[in-house]
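What follows is the content of target31.cif (mmCIF, C-alpha atoms; chains and numbers go by the auth columns).
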data_final
#
loop_
_atom_site.group_PDB
_atom_site.id
_atom_site.type_symbol
_atom_site.label_atom_id
_atom_site.label_comp_id
_atom_site.label_asym_id
_atom_site.label_seq_id
_atom_site.Cartn_x
_atom_site.Cartn_y
_atom_site.Cartn_z
_atom_site.B_iso_or_equiv
_atom_site.auth_seq_id
_atom_site.auth_asym_id
ATOM 1 C CA MET A 1 17.358 16.074 92.741 0.00 13 G
ATOM 2 C CA PRO A 2 15.716 14.738 89.545 0.00 14 G
ATOM 3 C CA MET A 3 17.220 15.722 86.231 0.00 15 G
ATOM 4 C CA GLU A 4 15.304 17.968 83.916 0.00 16 G
ATOM 5 C CA LYS A 5 13.750 16.270 80.883 0.00 17 G
ATOM 6 C CA SER A 6 16.259 17.978 78.568 0.00 18 G
ATOM 7 C CA ASN A 7 19.138 16.377 80.500 0.00 19 G
ATOM 8 C CA GLN A 8 17.312 13.061 80.709 0.00 20 G
ATOM 9 C CA SER A 9 17.208 12.790 76.936 0.00 21 G
ATOM 10 C CA THR A 10 21.024 12.767 76.807 0.00 22 G
ATOM 11 C CA ARG A 11 21.172 9.953 79.381 0.00 23 G
ATOM 12 C CA TYR A 12 19.676 7.561 76.848 0.00 24 G
ATOM 13 C CA ASP A 13 21.293 8.787 73.639 0.00 25 G
ATOM 14 C CA ARG A 14 23.124 5.453 73.194 0.00 26 G
ATOM 15 C CA HIS A 15 19.848 3.562 73.522 0.00 27 G
ATOM 16 C CA LYS A 16 18.346 5.703 70.798 0.00 28 G
ATOM 17 C CA LEU A 17 21.026 4.506 68.365 0.00 29 G
ATOM 18 C CA ILE A 18 19.501 1.007 68.477 0.00 30 G
ATOM 19 C CA ASP A 19 16.858 1.116 65.758 0.00 31 G
ATOM 20 C CA TRP A 20 14.632 -1.632 67.212 0.00 32 G
ATOM 21 C CA PHE A 21 14.829 -0.335 70.812 0.00 33 G
ATOM 22 C CA SER A 22 12.148 2.064 72.084 0.00 34 G
ATOM 23 C CA GLN A 23 13.371 4.135 75.014 0.00 35 G
ATOM 24 C CA GLU A 24 9.909 5.674 75.217 0.00 36 G
ATOM 25 C CA ASP A 25 8.366 2.222 75.802 0.00 37 G
ATOM 26 C CA ILE A 26 10.942 1.550 78.529 0.00 38 G
ATOM 27 C CA GLU A 27 10.265 4.886 80.234 0.00 39 G
ATOM 28 C CA ASN A 28 6.508 4.155 80.137 0.00 40 G
ATOM 29 C CA SER A 29 6.893 0.653 81.600 0.00 41 G
ATOM 30 C CA HIS A 30 5.682 -0.399 85.042 0.00 42 G
ATOM 31 C CA ILE A 31 7.532 -3.484 86.281 0.00 43 G
ATOM 32 C CA ALA A 32 7.153 -5.511 89.479 0.00 44 G
ATOM 33 C CA VAL A 33 10.235 -7.239 90.876 0.00 45 G
ATOM 34 C CA VAL A 34 9.635 -9.921 93.493 0.00 46 G
ATOM 35 C CA GLY A 35 12.750 -10.761 95.491 0.00 47 G
ATOM 36 C CA THR A 36 15.725 -8.472 96.108 0.00 48 G
ATOM 37 C CA GLY A 37 18.480 -10.973 96.791 0.00 49 G
ATOM 38 C CA ALA A 38 21.420 -11.601 94.473 0.00 50 G
ATOM 39 C CA VAL A 39 19.407 -11.940 91.256 0.00 51 G
ATOM 40 C CA GLY A 40 16.896 -9.264 92.257 0.00 52 G
ATOM 41 C CA ASN A 41 19.706 -6.796 92.947 0.00 53 G
ATOM 42 C CA GLU A 42 21.094 -7.257 89.450 0.00 54 G
ATOM 43 C CA VAL A 43 17.680 -7.010 87.828 0.00 55 G
ATOM 44 C CA LEU A 44 16.815 -3.838 89.775 0.00 56 G
ATOM 45 C CA LYS A 45 20.177 -2.234 88.972 0.00 57 G
ATOM 46 C CA ASN A 46 19.734 -2.966 85.268 0.00 58 G
ATOM 47 C CA LEU A 47 16.129 -1.741 85.165 0.00 59 G
ATOM 48 C CA ALA A 48 17.305 1.501 86.776 0.00 60 G
ATOM 49 C CA LEU A 49 20.126 1.881 84.260 0.00 61 G
ATOM 50 C CA LEU A 50 17.719 1.218 81.379 0.00 62 G
ATOM 51 C CA GLY A 51 15.380 3.916 82.651 0.00 63 G
ATOM 52 C CA VAL A 52 12.251 1.869 83.360 0.00 64 G
ATOM 53 C CA GLY A 53 9.649 4.449 84.393 0.00 65 G
ATOM 54 C CA LYS A 54 8.115 2.746 87.420 0.00 66 G
ATOM 55 C CA ILE A 55 9.308 -0.182 89.527 0.00 67 G
ATOM 56 C CA ASP A 56 7.491 -1.860 92.409 0.00 68 G
ATOM 57 C CA ILE A 57 9.738 -3.976 94.638 0.00 69 G
ATOM 58 C CA PHE A 58 8.477 -6.825 96.853 0.00 70 G
ATOM 59 C CA ASP A 59 10.426 -8.702 99.533 0.00 71 G
ATOM 60 C CA PHE A 60 9.781 -9.683 103.139 0.00 72 G
ATOM 61 C CA ASP A 61 13.391 -9.971 104.254 0.00 73 G
ATOM 62 C CA ASN A 62 15.949 -7.754 105.986 0.00 74 G
ATOM 63 C CA ILE A 63 19.582 -7.418 104.954 0.00 75 G
ATOM 64 C CA GLU A 64 22.074 -9.688 106.706 0.00 76 G
ATOM 65 C CA ILE A 65 25.847 -9.554 106.451 0.00 77 G
ATOM 66 C CA HIS A 66 26.008 -12.672 104.238 0.00 78 G
ATOM 67 C CA ASN A 67 23.901 -10.823 101.617 0.00 79 G
ATOM 68 C CA LEU A 68 26.779 -8.428 100.969 0.00 80 G
ATOM 69 C CA THR A 69 28.820 -10.984 99.023 0.00 81 G
ATOM 70 C CA ARG A 70 26.076 -11.322 96.383 0.00 82 G
ATOM 71 C CA THR A 71 24.424 -7.932 96.117 0.00 83 G
ATOM 72 C CA VAL A 72 25.389 -4.655 94.470 0.00 84 G
ATOM 73 C CA LEU A 73 22.739 -2.445 96.068 0.00 85 G
ATOM 74 C CA PHE A 74 23.443 -3.264 99.742 0.00 86 G
ATOM 75 C CA THR A 75 26.332 -2.148 101.956 0.00 87 G
ATOM 76 C CA GLU A 76 27.362 -2.797 105.560 0.00 88 G
ATOM 77 C CA SER A 77 25.433 0.271 106.690 0.00 89 G
ATOM 78 C CA ASP A 78 22.251 -1.422 105.374 0.00 90 G
ATOM 79 C CA ILE A 79 22.513 -4.494 107.644 0.00 91 G
ATOM 80 C CA GLY A 80 19.234 -4.928 109.510 0.00 92 G
ATOM 81 C CA ARG A 81 17.254 -2.719 107.123 0.00 93 G
ATOM 82 C CA SER A 82 14.413 -3.888 104.955 0.00 94 G
ATOM 83 C CA LYS A 83 15.766 -5.095 101.592 0.00 95 G
ATOM 84 C CA VAL A 84 13.068 -3.219 99.687 0.00 96 G
ATOM 85 C CA ASP A 85 13.763 0.089 101.448 0.00 97 G
ATOM 86 C CA ALA A 86 17.509 -0.133 100.855 0.00 98 G
ATOM 87 C CA ALA A 87 17.001 -1.201 97.233 0.00 99 G
ATOM 88 C CA LYS A 88 14.577 1.675 96.623 0.00 100 G
ATOM 89 C CA GLU A 89 17.086 4.157 98.030 0.00 101 G
ATOM 90 C CA LYS A 90 19.921 2.823 95.852 0.00 102 G
ATOM 91 C CA ILE A 91 17.788 2.734 92.704 0.00 103 G
ATOM 92 C CA LYS A 92 16.938 6.402 93.230 0.00 104 G
ATOM 93 C CA LEU A 93 20.688 7.126 93.480 0.00 105 G
ATOM 94 C CA ILE A 94 21.316 5.303 90.192 0.00 106 G
ATOM 95 C CA ASN A 95 18.448 7.025 88.427 0.00 107 G
ATOM 96 C CA PRO A 96 16.446 9.719 90.251 0.00 108 G
ATOM 97 C CA ASN A 97 13.873 9.851 87.428 0.00 109 G
ATOM 98 C CA ILE A 98 12.400 6.440 88.241 0.00 110 G
ATOM 99 C CA ASP A 99 9.252 6.109 90.343 0.00 111 G
ATOM 100 C CA VAL A 100 10.034 3.344 92.852 0.00 112 G
ATOM 101 C CA ASN A 101 7.674 1.784 95.392 0.00 113 G
ATOM 102 C CA ALA A 102 8.848 -0.574 98.134 0.00 114 G
ATOM 103 C CA PHE A 103 6.512 -3.235 99.546 0.00 115 G
ATOM 104 C CA ALA A 104 7.868 -5.100 102.573 0.00 116 G
ATOM 105 C CA GLY A 105 6.092 -8.382 103.146 0.00 117 G
ATOM 106 C CA ASP A 106 4.874 -11.495 101.378 0.00 118 G
ATOM 107 C CA ALA A 107 4.192 -10.739 97.714 0.00 119 G
ATOM 108 C CA TRP A 108 1.358 -13.284 97.717 0.00 120 G
ATOM 109 C CA GLU A 109 -0.454 -11.157 100.303 0.00 121 G
ATOM 110 C CA LEU A 110 0.577 -7.780 98.869 0.00 122 G
ATOM 111 C CA ILE A 111 -0.148 -8.094 95.135 0.00 123 G
ATOM 112 C CA GLY A 112 -3.827 -7.974 94.245 0.00 124 G
ATOM 113 C CA PHE A 113 -5.362 -8.463 90.813 0.00 125 G
ATOM 114 C CA ASP A 114 -6.001 -4.745 90.266 0.00 126 G
ATOM 115 C CA GLN A 115 -2.387 -3.918 91.071 0.00 127 G
ATOM 116 C CA LEU A 116 -1.133 -6.827 88.983 0.00 128 G
ATOM 117 C CA LYS A 117 -2.994 -5.543 85.928 0.00 129 G
ATOM 118 C CA SER A 118 -1.083 -2.240 86.178 0.00 130 G
ATOM 119 C CA TYR A 119 2.214 -4.003 85.347 0.00 131 G
ATOM 120 C CA ASN A 120 3.704 -4.543 81.926 0.00 132 G
ATOM 121 C CA SER A 121 5.602 -7.463 83.395 0.00 133 G
ATOM 122 C CA VAL A 122 6.404 -9.198 86.668 0.00 134 G
ATOM 123 C CA ILE A 123 9.965 -10.392 87.240 0.00 135 G
ATOM 124 C CA CYS A 124 10.245 -13.103 89.876 0.00 136 G
ATOM 125 C CA CYS A 125 13.674 -13.266 91.503 0.00 137 G
ATOM 126 C CA ALA A 126 12.506 -15.050 94.651 0.00 138 G
ATOM 127 C CA ASP A 127 14.313 -18.137 95.885 0.00 139 G
ATOM 128 C CA ASN A 128 11.055 -19.612 97.195 0.00 140 G
ATOM 129 C CA PHE A 129 9.453 -22.203 94.923 0.00 141 G
ATOM 130 C CA GLU A 130 5.929 -21.636 96.263 0.00 142 G
ATOM 131 C CA ILE A 131 5.872 -17.915 95.441 0.00 143 G
ATOM 132 C CA ARG A 132 7.070 -18.745 91.918 0.00 144 G
ATOM 133 C CA ILE A 133 4.092 -21.054 91.407 0.00 145 G
ATOM 134 C CA GLN A 134 1.689 -18.537 92.963 0.00 146 G
ATOM 135 C CA LEU A 135 2.971 -15.670 90.802 0.00 147 G
ATOM 136 C CA ASN A 136 2.737 -17.858 87.729 0.00 148 G
ATOM 137 C CA LYS A 137 -0.946 -18.531 88.507 0.00 149 G
ATOM 138 C CA LEU A 138 -1.706 -14.863 89.234 0.00 150 G
ATOM 139 C CA CYS A 139 0.030 -13.647 86.081 0.00 151 G
ATOM 140 C CA TYR A 140 -1.615 -16.336 83.955 0.00 152 G
ATOM 141 C CA ILE A 141 -5.087 -15.378 85.186 0.00 153 G
ATOM 142 C CA SER A 142 -4.322 -11.665 84.723 0.00 154 G
ATOM 143 C CA LYS A 143 -2.634 -12.168 81.323 0.00 155 G
ATOM 144 C CA ILE A 144 0.520 -10.405 82.561 0.00 156 G
ATOM 145 C CA ASP A 145 3.940 -11.535 81.344 0.00 157 G
ATOM 146 C CA LEU A 146 6.041 -13.272 83.984 0.00 158 G
ATOM 147 C CA VAL A 147 9.806 -13.586 83.784 0.00 159 G
ATOM 148 C CA ASN A 148 11.025 -16.181 86.253 0.00 160 G
ATOM 149 C CA LEU A 149 14.729 -16.092 87.195 0.00 161 G
ATOM 150 C CA ALA A 150 16.484 -18.516 89.503 0.00 162 G
ATOM 151 C CA ILE A 151 20.005 -19.424 90.452 0.00 163 G
ATOM 152 C CA ASP A 152 21.431 -22.137 92.647 0.00 164 G
ATOM 153 C CA SER A 153 24.874 -23.585 93.181 0.00 165 G
ATOM 154 C CA LYS A 154 25.066 -25.233 89.741 0.00 166 G
ATOM 155 C CA PHE A 155 22.310 -23.913 87.489 0.00 167 G
ATOM 156 C CA VAL A 156 20.686 -20.744 86.234 0.00 168 G
ATOM 157 C CA SER A 157 17.107 -20.776 85.045 0.00 169 G
ATOM 158 C CA ILE A 158 15.320 -18.101 83.025 0.00 170 G
ATOM 159 C CA GLU A 159 11.762 -18.686 81.910 0.00 171 G
ATOM 160 C CA THR A 160 9.190 -16.410 80.372 0.00 172 G
ATOM 161 C CA PHE A 161 5.457 -16.988 80.530 0.00 173 G
ATOM 162 C CA PRO A 162 3.351 -17.118 78.445 0.00 174 G
#

Please re-express this file's structure in structure tokens.
Amino acid sequence: MPMEKSNQSTRYDRHKLIDWFSQEDIENSHIAVVGTGAVGNEVLKNLALLGVGKIDIFDFDNIEIHNLTRTVLFTESDIGRSKVDAAKEKIKLINPNIDVNAFAGDAWELIGFDQLKSYNSVICCADNFEIRIQLNKLCYISKIDLVNLAIDSKFVSIETFP
């Protein structure tokens, strides 16, 4: 059950103490997250805690048991489920005030230019190099900010475009 607006304001009281931070801008943001693995789980959890107003999640994969060692949003009861459906459910538990949409499938096929232009930012957490390049091209053409996050056994990479 979503909280009433009067209760919601107290949720973010600490954020409001930061003079340069606009909770209103966060609540009015529409963010796309591509990839719900280890990095995507952390990004989604943090966006939910921050109170981002609308999140669209893209991933083609289902949850496997080996995902459980690297993800905070998935449990054993989620094994076999779509990653985006399980992530959406958990985000709504963290913060019921967020509008979350789950898109199961290849982001390259699912995200069109009109939809892309509705985002304030796209956060790529996919472990597939090709989708990173494709999203970079789409965001560049659409003039949408892209945050590209990657992790492998030795390195972490965070890039922002433009």

When the PyMOL selection byres ((chain G and resi 126) around 12) is applied to the file above, which residues end up in the set, as a tab-separated table (two decimals) with C-alpha atoms, in the coordinates of the input?
chain	number	residue	atom	x	y	z
G	122	LEU	CA	0.58	-7.78	98.87
G	123	ILE	CA	-0.15	-8.09	95.14
G	124	GLY	CA	-3.83	-7.97	94.24
G	125	PHE	CA	-5.36	-8.46	90.81
G	127	GLN	CA	-2.39	-3.92	91.07
G	128	LEU	CA	-1.13	-6.83	88.98
G	129	LYS	CA	-2.99	-5.54	85.93
G	130	SER	CA	-1.08	-2.24	86.18
G	131	TYR	CA	2.21	-4.00	85.35
G	150	LEU	CA	-1.71	-14.86	89.23
G	151	CYS	CA	0.03	-13.65	86.08
G	153	ILE	CA	-5.09	-15.38	85.19
G	154	SER	CA	-4.32	-11.66	84.72
G	156	ILE	CA	0.52	-10.40	82.56

*asked:* Assuming the chain letters and numbering stay as they are in my file, what does the PyMOL selection byres ((chain G and resi 120) around 8) actually select? List them as a list in words.
replied: Asp118, Ala119, Glu121, Leu122, Ile123, Ile143, Gln146 and Leu147 of chain G

_Nearest to Ile106 of chain G, chosen from G:Thr22, G:His42, G:Leu62, G:Val159, with only C-alpha atoms counted in the distances_ = G:Leu62

*Just give me the gap between atom CA of Ala114 of chain G and atom CA of Val96 of chain G in Å, one decimal is fine.*
5.2 Å

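Among G:Val45, G:Ala116, G:Ala50, G:Leu85, the residue with the shortest atom-to-atom distance to Lys104 of chain G, counting only C-alpha atoms, is G:Leu85.
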
*How would you write, as a VMD selection string, the residues chosen by the PyMOL selection byres ((chain G and resi 57) around 9) on this structure?*
chain G and resid 52 to 56 58 to 62 84 to 85 99 102 to 103 106

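Within 9 Å of Val112 of chain G, once all atoms listed in the file are used and residues closer than 6 positions along the same chain are dropped, the contacting residues are Gly65, Lys66, Ile67, Asp68, Ile69, Lys100, Glu101, Ile103 and Lys104 of chain G.
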
Is it possible to get the axis-aligned box enclosing segment 44-49 of chain G (all listed atoms, 5 Å extra per side) as AutoDock Vina command-line options, with centre and edge lengths in Å rounded to one decimal?
--center_x 12.8 --center_y -8.2 --center_z 93.1 --size_x 21.3 --size_y 15.5 --size_z 17.3

*Show me as number ranges by chain the residues that reach within 7 Å of (14.0, 5.8, 81.6), counting only C-alpha atoms and using the file's own coordinates.*
G: 35, 38-39, 62-65, 110

*So which residues touch Leu158 of chain G within 12 Å, counting only C-alpha atoms, skipping near sequence neighbours fewer than 6 positions away, as a ChimeraX atom specification?*
/G:43-46,128,131-137,144-152,170-174

*Mind pulling up the distance from atom CA of Asp71 of chain G to atom CA of Gly47 of chain G?*
5.1 Å

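Taking atom CA of Asn140 of chain G and atom CA of Asp157 of chain G as endpoints, the distance between them is 19.2 Å.
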
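Counting only C-alpha atoms and comparing G:Glu88, G:Asp139, G:Asp37, G:Asp111, the residue that lies closest to Gly49 of chain G is G:Asp139.
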
*Which is closer to Asp73 of chain G than all the others in G:Phe115, G:Phe33, G:Ala162, G:Arg26, using all atoms listed in the file?*
G:Phe115

Kindly add all heavy atoms to the incomplete segment 140-151 of chain G and provide the output as a PDB file, keeping the file's coordinate frame.
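After the write, result_30.pdb holds the following:
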ATOM      1  N   ASN G 140      12.078 -18.769  96.608  1.00  0.00           N
ATOM      2  CA  ASN G 140      11.055 -19.612  97.195  1.00  0.00           C
ATOM      3  C   ASN G 140      10.200 -20.209  96.077  1.00  0.00           C
ATOM      4  O   ASN G 140       9.583 -19.471  95.302  1.00  0.00           O
ATOM      5  CB  ASN G 140      10.216 -18.750  98.151  1.00  0.00           C
ATOM      6  CG  ASN G 140       9.080 -19.504  98.780  1.00  0.00           C
ATOM      7  OD1 ASN G 140       8.174 -19.941  98.089  1.00  0.00           O
ATOM      8  ND2 ASN G 140       9.128 -19.633 100.088  1.00  0.00           N
ATOM      9  N   PHE G 141      10.163 -21.525  95.998  1.00  0.00           N
ATOM     10  CA  PHE G 141       9.453 -22.203  94.923  1.00  0.00           C
ATOM     11  C   PHE G 141       7.956 -21.908  94.957  1.00  0.00           C
ATOM     12  O   PHE G 141       7.326 -21.729  93.908  1.00  0.00           O
ATOM     13  CB  PHE G 141       9.701 -23.715  95.020  1.00  0.00           C
ATOM     14  CG  PHE G 141       9.090 -24.483  93.891  1.00  0.00           C
ATOM     15  CD1 PHE G 141       9.639 -24.426  92.613  1.00  0.00           C
ATOM     16  CD2 PHE G 141       7.956 -25.250  94.092  1.00  0.00           C
ATOM     17  CE1 PHE G 141       9.070 -25.140  91.565  1.00  0.00           C
ATOM     18  CE2 PHE G 141       7.391 -25.965  93.043  1.00  0.00           C
ATOM     19  CZ  PHE G 141       7.948 -25.910  91.785  1.00  0.00           C
ATOM     20  N   GLU G 142       7.368 -21.847  96.143  1.00  0.00           N
ATOM     21  CA  GLU G 142       5.929 -21.636  96.263  1.00  0.00           C
ATOM     22  C   GLU G 142       5.500 -20.290  95.692  1.00  0.00           C
ATOM     23  O   GLU G 142       4.484 -20.198  95.004  1.00  0.00           O
ATOM     24  CB  GLU G 142       5.475 -21.765  97.725  1.00  0.00           C
ATOM     25  CG  GLU G 142       5.499 -23.182  98.261  1.00  0.00           C
ATOM     26  CD  GLU G 142       6.898 -23.659  98.650  1.00  0.00           C
ATOM     27  OE1 GLU G 142       7.822 -22.817  98.804  1.00  0.00           O
ATOM     28  OE2 GLU G 142       7.078 -24.890  98.762  1.00  0.00           O
ATOM     29  N   ILE G 143       6.253 -19.227  95.967  1.00  0.00           N
ATOM     30  CA  ILE G 143       5.872 -17.915  95.441  1.00  0.00           C
ATOM     31  C   ILE G 143       5.998 -17.898  93.924  1.00  0.00           C
ATOM     32  O   ILE G 143       5.227 -17.233  93.230  1.00  0.00           O
ATOM     33  CB  ILE G 143       6.654 -16.753  96.101  1.00  0.00           C
ATOM     34  CG1 ILE G 143       6.017 -15.401  95.733  1.00  0.00           C
ATOM     35  CG2 ILE G 143       8.107 -16.749  95.689  1.00  0.00           C
ATOM     36  CD1 ILE G 143       4.626 -15.195  96.189  1.00  0.00           C
ATOM     37  N   ARG G 144       6.938 -18.652  93.372  1.00  0.00           N
ATOM     38  CA  ARG G 144       7.070 -18.745  91.918  1.00  0.00           C
ATOM     39  C   ARG G 144       5.806 -19.343  91.297  1.00  0.00           C
ATOM     40  O   ARG G 144       5.294 -18.841  90.294  1.00  0.00           O
ATOM     41  CB  ARG G 144       8.271 -19.609  91.543  1.00  0.00           C
ATOM     42  CG  ARG G 144       9.580 -19.006  91.927  1.00  0.00           C
ATOM     43  CD  ARG G 144      10.717 -20.004  91.639  1.00  0.00           C
ATOM     44  NE  ARG G 144      11.961 -19.386  92.013  1.00  0.00           N
ATOM     45  CZ  ARG G 144      12.564 -18.455  91.293  1.00  0.00           C
ATOM     46  NH1 ARG G 144      12.042 -18.043  90.172  1.00  0.00           N
ATOM     47  NH2 ARG G 144      13.694 -17.920  91.701  1.00  0.00           N
ATOM     48  N   ILE G 145       5.310 -20.405  91.897  1.00  0.00           N
ATOM     49  CA  ILE G 145       4.092 -21.054  91.407  1.00  0.00           C
ATOM     50  C   ILE G 145       2.894 -20.117  91.576  1.00  0.00           C
ATOM     51  O   ILE G 145       2.068 -19.965  90.666  1.00  0.00           O
ATOM     52  CB  ILE G 145       3.843 -22.380  92.160  1.00  0.00           C
ATOM     53  CG1 ILE G 145       4.992 -23.359  91.909  1.00  0.00           C
ATOM     54  CG2 ILE G 145       2.500 -22.989  91.763  1.00  0.00           C
ATOM     55  CD1 ILE G 145       5.212 -23.726  90.468  1.00  0.00           C
ATOM     56  N   GLN G 146       2.801 -19.453  92.716  1.00  0.00           N
ATOM     57  CA  GLN G 146       1.689 -18.537  92.963  1.00  0.00           C
ATOM     58  C   GLN G 146       1.698 -17.364  91.993  1.00  0.00           C
ATOM     59  O   GLN G 146       0.659 -16.980  91.455  1.00  0.00           O
ATOM     60  CB  GLN G 146       1.739 -18.035  94.414  1.00  0.00           C
ATOM     61  CG  GLN G 146       1.443 -19.130  95.413  1.00  0.00           C
ATOM     62  CD  GLN G 146       1.801 -18.734  96.836  1.00  0.00           C
ATOM     63  OE1 GLN G 146       2.597 -17.824  97.070  1.00  0.00           O
ATOM     64  NE2 GLN G 146       1.232 -19.435  97.799  1.00  0.00           N
ATOM     65  N   LEU G 147       2.871 -16.776  91.756  1.00  0.00           N
ATOM     66  CA  LEU G 147       2.971 -15.670  90.802  1.00  0.00           C
ATOM     67  C   LEU G 147       2.629 -16.126  89.385  1.00  0.00           C
ATOM     68  O   LEU G 147       1.980 -15.391  88.634  1.00  0.00           O
ATOM     69  CB  LEU G 147       4.373 -15.053  90.822  1.00  0.00           C
ATOM     70  CG  LEU G 147       4.668 -14.095  91.952  1.00  0.00           C
ATOM     71  CD1 LEU G 147       6.139 -13.695  91.936  1.00  0.00           C
ATOM     72  CD2 LEU G 147       3.782 -12.870  91.870  1.00  0.00           C
ATOM     73  N   ASN G 148       3.060 -17.331  89.041  1.00  0.00           N
ATOM     74  CA  ASN G 148       2.737 -17.858  87.729  1.00  0.00           C
ATOM     75  C   ASN G 148       1.220 -17.934  87.560  1.00  0.00           C
ATOM     76  O   ASN G 148       0.679 -17.520  86.534  1.00  0.00           O
ATOM     77  CB  ASN G 148       3.378 -19.238  87.555  1.00  0.00           C
ATOM     78  CG  ASN G 148       3.265 -19.758  86.136  1.00  0.00           C
ATOM     79  OD1 ASN G 148       2.277 -19.552  85.461  1.00  0.00           O
ATOM     80  ND2 ASN G 148       4.285 -20.465  85.701  1.00  0.00           N
ATOM     81  N   LYS G 149       0.515 -18.433  88.568  1.00  0.00           N
ATOM     82  CA  LYS G 149      -0.946 -18.531  88.507  1.00  0.00           C
ATOM     83  C   LYS G 149      -1.586 -17.151  88.392  1.00  0.00           C
ATOM     84  O   LYS G 149      -2.470 -16.933  87.567  1.00  0.00           O
ATOM     85  CB  LYS G 149      -1.482 -19.248  89.747  1.00  0.00           C
ATOM     86  CG  LYS G 149      -1.185 -20.724  89.784  1.00  0.00           C
ATOM     87  CD  LYS G 149      -1.692 -21.330  91.076  1.00  0.00           C
ATOM     88  CE  LYS G 149      -1.286 -22.777  91.214  1.00  0.00           C
ATOM     89  NZ  LYS G 149      -1.705 -23.354  92.499  1.00  0.00           N
ATOM     90  N   LEU G 150      -1.144 -16.214  89.252  1.00  0.00           N
ATOM     91  CA  LEU G 150      -1.706 -14.863  89.234  1.00  0.00           C
ATOM     92  C   LEU G 150      -1.493 -14.185  87.886  1.00  0.00           C
ATOM     93  O   LEU G 150      -2.403 -13.560  87.339  1.00  0.00           O
ATOM     94  CB  LEU G 150      -1.079 -14.007  90.334  1.00  0.00           C
ATOM     95  CG  LEU G 150      -1.531 -14.238  91.763  1.00  0.00           C
ATOM     96  CD1 LEU G 150      -0.666 -13.421  92.729  1.00  0.00           C
ATOM     97  CD2 LEU G 150      -2.995 -13.900  91.938  1.00  0.00           C
ATOM     98  N   CYS G 151      -0.283 -14.287  87.362  1.00  0.00           N
ATOM     99  CA  CYS G 151       0.030 -13.647  86.081  1.00  0.00           C
ATOM    100  C   CYS G 151      -0.729 -14.312  84.938  1.00  0.00           C
ATOM    101  O   CYS G 151      -1.206 -13.630  84.029  1.00  0.00           O
ATOM    102  CB  CYS G 151       1.534 -13.678  85.820  1.00  0.00           C
ATOM    103  SG  CYS G 151       2.455 -12.565  86.891  1.00  0.00           S
TER     104      CYS G 151
END
